[in-house]
$ cat work.cif   # mmCIF, C-alpha atoms
data_input
#
loop_
_atom_site.group_PDB
_atom_site.id
_atom_site.type_symbol
_atom_site.label_atom_id
_atom_site.label_comp_id
_atom_site.auth_asym_id
_atom_site.auth_seq_id
_atom_site.Cartn_x
_atom_site.Cartn_y
_atom_site.Cartn_z
ATOM 1 C CA MET L 1 19.404 29.594 27.058
ATOM 2 C CA THR L 2 21.546 26.504 26.619
ATOM 3 C CA SER L 3 24.466 26.137 24.248
ATOM 4 C CA ARG L 4 22.377 23.892 22.026
ATOM 5 C CA GLU L 5 19.477 26.361 21.903
ATOM 6 C CA PHE L 6 21.878 29.161 21.059
ATOM 7 C CA ARG L 7 23.354 27.143 18.182
ATOM 8 C CA GLU L 8 19.846 26.337 16.935
ATOM 9 C CA CYS L 9 18.982 30.045 16.947
ATOM 10 C CA LEU L 10 22.192 30.859 15.080
ATOM 11 C CA ASP L 11 21.218 28.312 12.437
ATOM 12 C CA ARG L 12 17.655 29.613 12.154
ATOM 13 C CA TYR L 13 18.265 33.345 12.292
ATOM 14 C CA GLY L 14 21.953 33.805 11.420
ATOM 15 C CA SER L 15 24.725 35.597 13.274
ATOM 16 C CA ASP L 16 23.151 39.061 13.140
ATOM 17 C CA LEU L 17 21.379 39.179 16.480
ATOM 18 C CA GLU L 18 19.334 42.153 15.277
ATOM 19 C CA ARG L 19 17.481 39.782 12.956
ATOM 20 C CA TRP L 20 16.515 37.473 15.776
ATOM 21 C CA PRO L 21 12.909 37.512 17.020
ATOM 22 C CA ASP L 22 12.242 39.891 19.900
ATOM 23 C CA GLY L 23 11.717 37.069 22.348
ATOM 24 C CA GLN L 24 15.097 35.467 21.598
ATOM 25 C CA ARG L 25 17.311 38.486 21.071
ATOM 26 C CA ALA L 26 17.887 39.501 24.667
ATOM 27 C CA VAL L 27 18.647 35.999 25.949
ATOM 28 C CA GLY L 28 20.777 35.418 22.873
ATOM 29 C CA ARG L 29 22.828 38.511 23.618
ATOM 30 C CA ALA L 30 23.272 37.407 27.198
ATOM 31 C CA PHE L 31 24.466 33.957 26.127
ATOM 32 C CA ALA L 32 26.796 35.483 23.523
ATOM 33 C CA GLY L 33 28.594 37.107 26.445
ATOM 34 C CA THR L 34 29.759 33.729 27.721
ATOM 35 C CA ALA L 35 32.909 32.054 26.428
ATOM 36 C CA GLY L 36 30.992 29.275 24.708
ATOM 37 C CA GLY L 37 28.492 31.716 23.255
ATOM 38 C CA ARG L 38 31.227 33.976 21.941
ATOM 39 C CA ARG L 39 32.918 31.031 20.211
ATOM 40 C CA GLN L 40 29.687 29.935 18.542
ATOM 41 C CA LEU L 41 28.826 33.456 17.505
ATOM 42 C CA ASP L 42 32.272 33.986 15.949
ATOM 43 C CA ALA L 43 31.920 30.724 14.013
ATOM 44 C CA ALA L 44 28.473 31.748 12.769
ATOM 45 C CA ARG L 45 29.815 35.145 11.697
ATOM 46 C CA ALA L 46 32.659 33.468 9.824
ATOM 47 C CA PHE L 47 30.129 31.285 8.044
ATOM 48 C CA ASP L 48 27.922 34.263 7.136
ATOM 49 C CA ALA L 49 30.980 36.067 5.794
ATOM 50 C CA LEU L 50 31.729 33.011 3.695
ATOM 51 C CA LEU L 51 28.205 33.016 2.281
ATOM 52 C CA ALA L 52 28.564 36.669 1.382
ATOM 53 C CA GLU L 53 31.682 35.777 -0.616
ATOM 54 C CA THR L 54 29.962 33.389 -3.005
ATOM 55 C CA LEU L 55 30.547 33.770 -6.731
ATOM 56 C CA PRO L 56 28.790 36.762 -8.249
ATOM 57 C CA VAL L 57 25.826 36.203 -10.536
ATOM 58 C CA PRO L 58 26.720 36.819 -14.205
ATOM 59 C CA GLU L 59 25.075 39.954 -15.520
ATOM 60 C CA PRO L 60 22.062 39.222 -17.755
ATOM 61 C CA ILE L 61 23.321 41.234 -20.712
ATOM 62 C CA GLY L 62 20.560 42.282 -23.094
ATOM 63 C CA LEU L 63 17.849 40.485 -21.128
ATOM 64 C CA LYS L 64 15.812 43.606 -20.498
ATOM 65 C CA GLU L 65 15.802 44.434 -24.201
ATOM 66 C CA ARG L 66 14.768 40.897 -25.106
ATOM 67 C CA ILE L 67 11.890 40.997 -22.652
ATOM 68 C CA LEU L 68 10.665 44.311 -24.012
ATOM 69 C CA ALA L 69 10.946 43.027 -27.590
ATOM 70 C CA ASN L 70 8.872 39.959 -26.730
ATOM 71 C CA LEU L 71 6.371 42.172 -25.022
ATOM 72 C CA SER L 72 5.817 44.250 -28.147
ATOM 73 C CA ALA L 73 5.497 41.136 -30.274
ATOM 74 C CA ALA L 74 3.042 39.401 -27.974
ATOM 75 C CA GLY L 75 0.884 42.319 -26.918
ATOM 76 C CA ARG L 76 -1.423 41.866 -23.986
ATOM 77 C CA PRO L 77 -4.319 39.413 -24.260
ATOM 78 C CA ILE L 78 -7.717 40.539 -23.047
ATOM 79 C CA ASP L 79 -8.460 38.985 -19.705
ATOM 80 C CA LEU L 80 -12.261 39.062 -19.619
ATOM 81 C CA ALA L 81 -12.615 38.285 -15.928
ATOM 82 C CA SER L 82 -10.132 40.983 -14.988
ATOM 83 C CA TRP L 83 -11.706 43.428 -17.391
ATOM 84 C CA LEU L 84 -15.130 42.873 -15.916
ATOM 85 C CA PHE L 85 -14.277 42.831 -12.243
ATOM 86 C CA ALA L 86 -10.954 44.568 -11.596
ATOM 87 C CA PRO L 87 -11.685 48.317 -11.580
ATOM 88 C CA LEU L 88 -14.895 49.446 -9.901
ATOM 89 C CA TRP L 89 -16.118 51.674 -12.703
ATOM 90 C CA ARG L 90 -16.632 48.804 -15.122
ATOM 91 C CA PRO L 91 -19.294 46.867 -13.220
ATOM 92 C CA VAL L 92 -20.915 50.213 -12.366
ATOM 93 C CA ALA L 93 -20.941 51.102 -16.060
ATOM 94 C CA LEU L 94 -22.433 47.719 -16.905
ATOM 95 C CA ALA L 95 -25.210 48.251 -14.373
ATOM 96 C CA VAL L 96 -25.953 51.799 -15.527
ATOM 97 C CA ALA L 97 -25.984 50.983 -19.250
ATOM 98 C CA PRO L 98 -29.409 49.229 -19.313
ATOM 99 C CA LEU L 99 -30.809 51.997 -17.111
ATOM 100 C CA ALA L 100 -29.624 54.623 -19.557
ATOM 101 C CA LEU L 101 -31.095 52.635 -22.432
ATOM 102 C CA GLY L 102 -34.432 52.534 -20.642
ATOM 103 C CA PHE L 103 -34.446 56.300 -20.165
ATOM 104 C CA THR L 104 -33.529 56.834 -23.804
ATOM 105 C CA VAL L 105 -36.345 54.633 -25.033
ATOM 106 C CA GLY L 106 -38.774 56.227 -22.607
ATOM 107 C CA PHE L 107 -38.036 59.776 -23.712
ATOM 108 C CA THR L 108 -37.941 58.890 -27.419
ATOM 109 C CA TYR L 109 -41.551 57.699 -27.638
ATOM 110 C CA PRO L 110 -44.431 60.203 -27.249
ATOM 111 C CA GLU L 111 -46.156 60.603 -23.890
ATOM 112 C CA THR L 112 -49.373 58.616 -23.428
ATOM 113 C CA ASP L 113 -52.092 58.614 -20.767
ATOM 114 C CA SER L 114 -52.777 54.912 -20.377
ATOM 115 C CA LEU L 115 -50.910 51.681 -20.551
ATOM 116 C CA GLU L 116 -53.021 50.346 -23.419
ATOM 117 C CA GLU L 117 -52.396 53.484 -25.385
ATOM 118 C CA ALA L 118 -48.694 53.273 -24.688
ATOM 119 C CA VAL L 119 -48.570 49.689 -25.899
ATOM 120 C CA ALA L 120 -50.500 50.637 -29.002
ATOM 121 C CA VAL L 121 -48.157 53.528 -29.679
ATOM 122 C CA ILE L 122 -45.091 51.360 -29.389
ATOM 123 C CA ALA L 123 -46.657 48.514 -31.367
ATOM 124 C CA PHE L 124 -48.104 50.507 -34.246
ATOM 125 C CA THR L 125 -45.854 53.506 -34.600
ATOM 126 C CA GLU L 126 -43.685 51.940 -37.278
ATOM 127 C CA ILE L 127 -46.693 50.434 -39.126
ATOM 128 C CA GLU L 128 -48.516 53.736 -38.982
ATOM 129 C CA GLU L 129 -45.525 55.559 -40.362
ATOM 130 C CA ALA L 130 -45.103 53.023 -43.144
ATOM 131 C CA VAL L 131 -48.744 52.958 -44.111
ATOM 132 C CA GLY L 132 -49.139 56.702 -43.667
ATOM 133 C CA ALA L 133 -46.424 57.338 -46.197
ATOM 134 C CA ASP L 134 -48.492 55.455 -48.832
ATOM 135 C CA SER L 135 -52.102 56.439 -47.968
ATOM 136 C CA ASP L 136 -51.902 60.112 -46.951
ATOM 137 C CA GLY L 137 -52.748 59.403 -43.337
ATOM 138 C CA GLU L 138 -55.949 57.356 -43.833
ATOM 139 C CA PHE L 139 -55.717 54.306 -41.608
ATOM 140 C CA MET K 140 2.721 48.934 -10.858
ATOM 141 C CA ARG K 141 -0.577 50.735 -11.236
ATOM 142 C CA LEU K 142 0.645 52.179 -14.531
ATOM 143 C CA VAL K 143 1.770 48.742 -15.674
ATOM 144 C CA GLN K 144 -1.723 47.498 -14.912
ATOM 145 C CA THR K 145 -3.053 50.036 -17.412
ATOM 146 C CA GLY K 146 -0.660 48.732 -20.088
ATOM 147 C CA ASP K 147 2.024 51.433 -19.764
ATOM 148 C CA GLN K 148 5.181 49.978 -21.332
ATOM 149 C CA ARG K 149 7.417 52.766 -20.018
ATOM 150 C CA ALA K 150 6.353 51.976 -16.480
ATOM 151 C CA TYR K 151 7.029 48.327 -17.238
ATOM 152 C CA ALA K 152 10.546 49.185 -18.412
ATOM 153 C CA ARG K 153 11.136 51.020 -15.123
ATOM 154 C CA LEU K 154 9.888 47.962 -13.284
ATOM 155 C CA LEU K 155 12.459 45.896 -15.160
ATOM 156 C CA ASP K 156 15.204 48.347 -14.201
ATOM 157 C CA ARG K 157 14.282 48.021 -10.569
ATOM 158 C CA HIS K 158 13.634 44.294 -10.215
ATOM 159 C CA LEU K 159 15.202 42.341 -13.083
ATOM 160 C CA ASN K 160 18.617 41.882 -11.486
ATOM 161 C CA SER K 161 17.131 40.659 -8.227
ATOM 162 C CA VAL K 162 14.859 38.136 -9.935
ATOM 163 C CA HIS K 163 17.611 36.993 -12.264
ATOM 164 C CA ALA K 164 20.044 36.588 -9.352
ATOM 165 C CA TYR K 165 17.543 34.504 -7.412
ATOM 166 C CA VAL K 166 16.747 32.301 -10.396
ATOM 167 C CA TYR K 167 20.409 31.912 -11.272
ATOM 168 C CA ARG K 168 21.222 30.777 -7.738
ATOM 169 C CA MET K 169 18.366 28.312 -7.973
ATOM 170 C CA THR K 170 19.142 26.880 -11.413
ATOM 171 C CA ASN K 171 22.898 27.451 -11.479
ATOM 172 C CA ASN K 172 22.602 27.772 -15.216
ATOM 173 C CA ARG K 173 22.854 31.016 -17.159
ATOM 174 C CA ALA K 174 20.505 30.109 -20.011
ATOM 175 C CA ASP K 175 17.841 28.675 -17.716
ATOM 176 C CA ALA K 176 18.086 31.681 -15.433
ATOM 177 C CA GLU K 177 17.548 34.096 -18.301
ATOM 178 C CA ASP K 178 14.648 32.058 -19.701
ATOM 179 C CA ILE K 179 12.900 31.877 -16.347
ATOM 180 C CA ALA K 180 13.527 35.537 -15.525
ATOM 181 C CA GLN K 181 12.104 36.471 -18.923
ATOM 182 C CA GLU K 182 9.052 34.282 -18.433
ATOM 183 C CA THR K 183 8.562 35.779 -14.977
ATOM 184 C CA PHE K 184 8.380 39.303 -16.331
ATOM 185 C CA LEU K 185 6.190 38.335 -19.270
ATOM 186 C CA ARG K 186 3.757 36.862 -16.769
ATOM 187 C CA VAL K 187 3.892 40.067 -14.780
ATOM 188 C CA TRP K 188 2.855 41.940 -17.903
ATOM 189 C CA HIS K 189 0.089 39.562 -18.872
ATOM 190 C CA ARG K 190 -1.252 39.130 -15.351
ATOM 191 C CA ALA K 191 -0.605 42.598 -14.007
ATOM 192 C CA ARG K 192 -4.279 43.140 -13.278
ATOM 193 C CA THR K 193 -4.374 40.187 -10.918
ATOM 194 C CA PHE K 194 -1.877 41.859 -8.584
ATOM 195 C CA ARG K 195 -3.526 43.317 -5.470
ATOM 196 C CA PRO K 196 -1.272 45.939 -3.833
ATOM 197 C CA GLY K 197 -2.885 45.693 -0.408
ATOM 198 C CA ARG K 198 -2.365 41.969 -0.036
ATOM 199 C CA VAL K 199 1.324 41.508 -0.696
ATOM 200 C CA ARG K 200 4.360 43.556 -1.694
ATOM 201 C CA PHE K 201 5.089 43.622 -5.404
ATOM 202 C CA SER K 202 8.594 42.245 -4.862
ATOM 203 C CA THR K 203 7.146 39.293 -2.938
ATOM 204 C CA TRP K 204 4.554 38.606 -5.653
ATOM 205 C CA LEU K 205 7.232 38.839 -8.337
ATOM 206 C CA HIS K 206 9.636 36.483 -6.612
ATOM 207 C CA ARG K 207 6.855 34.034 -5.937
ATOM 208 C CA ILE K 208 6.175 33.861 -9.677
ATOM 209 C CA ALA K 209 9.885 33.329 -10.298
ATOM 210 C CA HIS K 210 10.085 30.664 -7.608
ATOM 211 C CA ASN K 211 7.090 28.772 -8.985
ATOM 212 C CA LEU K 212 8.607 28.821 -12.454
ATOM 213 C CA CYS K 213 11.836 27.409 -11.002
ATOM 214 C CA VAL K 214 9.900 24.621 -9.331
ATOM 215 C CA ASP K 215 8.116 23.879 -12.620
ATOM 216 C CA ALA K 216 11.470 23.746 -14.397
ATOM 217 C CA PHE K 217 12.884 21.376 -11.793
ATOM 218 C CA ARG K 218 9.901 19.099 -12.150
ATOM 219 C CA LYS K 219 10.290 19.010 -15.904
ATOM 220 C CA ARG K 220 13.958 18.277 -15.953
ATOM 221 C CA ARG K 221 14.778 16.583 -12.676
ATOM 222 C CA THR K 222 18.410 16.757 -13.681
ATOM 223 C CA ILE K 223 19.218 19.870 -11.743
ATOM 224 C CA VAL K 224 21.406 17.772 -9.454
ATOM 225 C CA ASP K 225 23.884 17.683 -12.288
ATOM 226 C CA MET K 226 25.088 21.134 -11.431
ATOM 227 C CA GLU K 227 27.889 22.723 -13.348
ATOM 228 C CA LEU K 228 29.585 26.036 -13.200
ATOM 229 C CA GLU K 229 29.268 26.383 -16.997
ATOM 230 C CA ALA K 230 30.868 29.244 -18.868
ATOM 231 C CA MET K 231 31.915 31.189 -15.827
ATOM 232 C CA ALA K 232 33.978 28.288 -14.545
ATOM 233 C CA ASP K 233 35.405 27.651 -18.001
ATOM 234 C CA ASP K 234 36.755 31.160 -18.114
ATOM 235 C CA ALA K 235 38.241 30.919 -14.663
ATOM 236 C CA PRO K 236 41.949 30.284 -14.205
ATOM 237 C CA GLY K 237 43.194 26.787 -13.425
ATOM 238 C CA VAL K 238 43.183 25.391 -9.921
ATOM 239 C CA ASP K 239 46.870 26.080 -9.413
ATOM 240 C CA GLU K 240 46.444 29.718 -10.286
ATOM 241 C CA GLU K 241 43.341 30.277 -8.272
ATOM 242 C CA SER K 242 43.545 32.297 -5.182
ATOM 243 C CA ILE K 243 42.295 30.805 -1.963
ATOM 244 C CA ALA K 244 39.485 33.321 -1.994
ATOM 245 C CA GLU K 245 38.360 32.158 -5.416
ATOM 246 C CA GLN K 246 38.406 28.550 -4.277
ATOM 247 C CA ARG K 247 36.245 29.500 -1.330
ATOM 248 C CA ARG K 248 33.782 31.342 -3.527
ATOM 249 C CA LYS K 249 33.459 28.359 -5.826
ATOM 250 C CA ALA K 250 33.074 25.991 -2.900
ATOM 251 C CA VAL K 251 30.287 28.118 -1.441
ATOM 252 C CA HIS K 252 28.641 28.440 -4.839
ATOM 253 C CA ASP K 253 28.772 24.683 -5.428
ATOM 254 C CA GLY K 254 27.635 23.992 -1.900
ATOM 255 C CA ILE K 255 24.568 26.185 -2.285
ATOM 256 C CA ALA K 256 23.821 24.641 -5.672
ATOM 257 C CA ALA K 257 23.972 21.156 -4.192
ATOM 258 C CA LEU K 258 21.419 21.883 -1.462
ATOM 259 C CA PRO K 259 17.913 20.458 -1.846
ATOM 260 C CA GLU K 260 15.685 22.869 -3.728
ATOM 261 C CA ARG K 261 13.616 24.158 -0.813
ATOM 262 C CA GLN K 262 16.610 24.633 1.453
ATOM 263 C CA ARG K 263 18.401 26.418 -1.352
ATOM 264 C CA SER K 264 15.451 28.766 -1.892
ATOM 265 C CA ALA K 265 15.271 29.647 1.783
ATOM 266 C CA LEU K 266 18.999 30.215 2.097
ATOM 267 C CA VAL K 267 19.286 32.329 -1.054
ATOM 268 C CA LEU K 268 16.310 34.518 -0.212
ATOM 269 C CA CYS K 269 17.329 35.191 3.388
ATOM 270 C CA GLN K 270 21.092 34.804 3.597
ATOM 271 C CA ILE K 271 22.178 35.906 0.141
ATOM 272 C CA GLN K 272 19.463 38.367 -0.824
ATOM 273 C CA GLY K 273 18.849 39.588 2.708
ATOM 274 C CA ARG K 274 15.060 39.277 2.698
ATOM 275 C CA SER K 275 13.211 39.002 5.951
ATOM 276 C CA ASN K 276 12.086 35.555 7.050
ATOM 277 C CA ARG K 277 8.482 36.696 6.757
ATOM 278 C CA GLU K 278 8.825 37.830 3.148
ATOM 279 C CA ALA K 279 10.772 34.710 2.168
ATOM 280 C CA ALA K 280 8.050 32.575 3.753
ATOM 281 C CA GLN K 281 5.435 34.411 1.675
ATOM 282 C CA ILE K 282 7.434 33.854 -1.494
ATOM 283 C CA LEU K 283 7.755 30.143 -0.812
ATOM 284 C CA ASP K 284 4.173 29.990 0.448
ATOM 285 C CA ILE K 285 5.115 28.322 3.721
ATOM 286 C CA SER K 286 4.975 29.329 7.379
ATOM 287 C CA VAL K 287 7.771 31.382 8.930
ATOM 288 C CA ASP K 288 8.537 28.491 11.240
ATOM 289 C CA ALA K 289 8.889 26.100 8.302
ATOM 290 C CA LEU K 290 11.128 28.596 6.545
ATOM 291 C CA GLU K 291 13.395 28.956 9.570
ATOM 292 C CA SER K 292 13.618 25.205 9.809
ATOM 293 C CA LEU K 293 14.698 25.057 6.153
ATOM 294 C CA ILE K 294 17.319 27.736 6.732
ATOM 295 C CA ALA K 295 18.705 25.899 9.749
ATOM 296 C CA ARG K 296 18.971 22.643 7.811
ATOM 297 C CA ALA K 297 20.546 24.398 4.855
ATOM 298 C CA ARG K 298 23.127 26.130 7.030
ATOM 299 C CA ARG K 299 24.024 22.917 8.813
ATOM 300 C CA ALA K 300 24.377 20.981 5.554
ATOM 301 C CA LEU K 301 26.439 23.708 3.962
ATOM 302 C CA LYS K 302 28.651 24.100 7.015
ATOM 303 C CA ALA K 303 29.331 20.376 7.073
ATOM 304 C CA ARG K 304 30.228 20.375 3.391
ATOM 305 C CA LEU K 305 32.386 23.478 3.532
ATOM 306 C CA SER K 306 34.196 22.532 6.704
ATOM 307 C CA ASP K 307 35.206 19.274 5.018
ATOM 308 C CA GLN K 308 36.208 20.931 1.764
ATOM 309 C CA LEU K 309 37.865 24.048 3.044
ATOM 310 C CA GLU K 310 39.024 22.710 6.382
ATOM 311 C CA LEU K 311 37.486 25.668 8.094
ATOM 312 C CA GLU K 312 38.042 25.842 11.774
ATOM 313 C CA GLY K 313 35.189 26.500 14.140
ATOM 314 C CA VAL K 314 32.551 26.835 11.425
ATOM 315 C CA ARG K 315 30.820 23.578 12.120
#
$ encode --input "work.cif" --output "structure tokens"
Amino acid sequence: MTSREFRECLDRYGSDLERWPDGQRAVGRAFAGTAGGRRQLDAARAFDALLAETLPVPEPIGLKERILANLSAAGRPIDLASWLFAPLWRPVALAVAPLALGFTVGFTYPETDSLEEAVAVIAFTEIEEAVGADSDGEF
Amino acid sequence: MRLVQTGDQRAYARLLDRHLNSVHAYVYRMTNNRADAEDIAQETFLRVWHRARTFRPGRVRFSTWLHRIAHNLCVDAFRKRRTIVDMELEAMADDAPGVDEESIAEQRRKAVHDGIAALPERQRSALVLCQIQGRSNREAAQILDISVDALESLIARARRALKARLSDQLELEGVR
């Protein structure tokens, strides 16, 4: 590793050699043992220490409370796409619902022997009931 | 996060306890303005609430997802204003003692703060995430949605620019 490559690595990865990529760390350590390497490493450490000294961030007083207050006021809008596709049980429920409806309808109507009879039963059941109520069953 | 996805506000409050300071610190370093930082941090967490169901735990860490939202909101804010270059230390600086009374350490802190604030936006993001917040290069790259190599290049440029500025201002020996 040359002096220039070492400086480039210090700029890319910082002065903590532990954070360097595996492929660079060992050669970096070896170069840091030289006089030039030691000087560059010390300078990079001084710079990192300087960065760590930067002004603190002002505390966001009351921000959490304001966020929670806005949350209560806004509520959560219904995201249809997420509602339909996010959890697995929802699409499964959507697929099963028509099946369940079919079973319900099938078991509700009386059993019949033929298709024509079944169609007739479904088609005329309500009429028969309505007429039957008025004419004592003569149809 | 799973509880937040079901609409649990208590879980959301715990999420705020854990991550609000980190997001706010990042946004503050990016905007260098207290009011903007609070607005963007607030908007970030409101989006987390409203879009919680779009988060996929297996794909990315929650912290990465969260900071990416914050970063994108910062970028949007910069685009809208384009006056972010006009950095100021605002109230904090106003409350600080005069130059004569300042300690050398305080002068250094302000110089570093101003130097970071003056960096181009992408370099500043990379430097803050990795050098100030201590995130790994990989996670920072995910937040900024760039390759690790591009991120490391940004960090290197940011460090060089900052070193040049600080060595001039603070007459630091051996830093450059």
$ closest_residue --input "work.cif" --among "L:Ala32, L:Met1, L:Leu68, L:Cys9" --to "Asp156 of chain K" --atoms "all atoms listed in the file"
L:Leu68
$ atom_distance --input "work.cif" --atom1 "atom CA of Val187 of chain K" --atom2 "atom CA of Leu205 of chain K"
7.4 Å
$ closest_atom_pairs --input "work.cif" --of "chain L" --to "chain K" --cutoff "8 Å" --atoms "only C-alpha atoms" --output "tab-separated table"
residue	atom	partner	partner_atom	distance
L:Glu8	CA	K:Ala295	CA	7.3
L:Asp11	CA	K:Ala295	CA	4.4
L:Arg12	CA	K:Ala295	CA	4.5
L:Tyr13	CA	K:Glu291	CA	7.1
L:Gly14	CA	K:Gln270	CA	7.9
L:Arg39	CA	K:Gly313	CA	7.9
L:Gln40	CA	K:Gly313	CA	7.8
L:Ala43	CA	K:Val314	CA	4.7
L:Ala44	CA	K:Val314	CA	6.5
L:Ala46	CA	K:Val314	CA	6.8
L:Phe47	CA	K:Val314	CA	6.1
L:Asp48	CA	K:Gln270	CA	7.7
L:Leu50	CA	K:Val251	CA	7.2
L:Leu51	CA	K:Val251	CA	6.5
L:Ala52	CA	K:Ile271	CA	6.6
L:Glu53	CA	K:Arg248	CA	5.7
L:Thr54	CA	K:Arg248	CA	4.4
L:Leu55	CA	K:Arg248	CA	5.2
L:Val57	CA	K:Ala164	CA	5.9
L:Pro58	CA	K:Arg173	CA	7.6
L:Glu59	CA	K:Asn160	CA	7.9
L:Pro60	CA	K:Glu177	CA	6.9
L:Leu63	CA	K:Glu177	CA	7.0
L:Lys64	CA	K:Leu155	CA	6.7
L:Ile67	CA	K:Gln181	CA	5.9
L:Leu68	CA	K:Ala152	CA	7.4
L:Leu71	CA	K:Leu185	CA	6.9
L:Arg76	CA	K:His189	CA	5.8
L:Pro77	CA	K:His189	CA	7.0
L:Ser82	CA	K:Arg192	CA	6.5
L:Ala86	CA	K:Arg192	CA	7.0
$ atom_distance --input "work.cif" --atom1 "atom CA of Ser15 of chain L" --atom2 "atom CA of Asp307 of chain K"
21.1 Å
$ atom_distance --input "work.cif" --atom1 "atom CA of Ala35 of chain L" --atom2 "atom CA of Gln308 of chain K"
27.3 Å
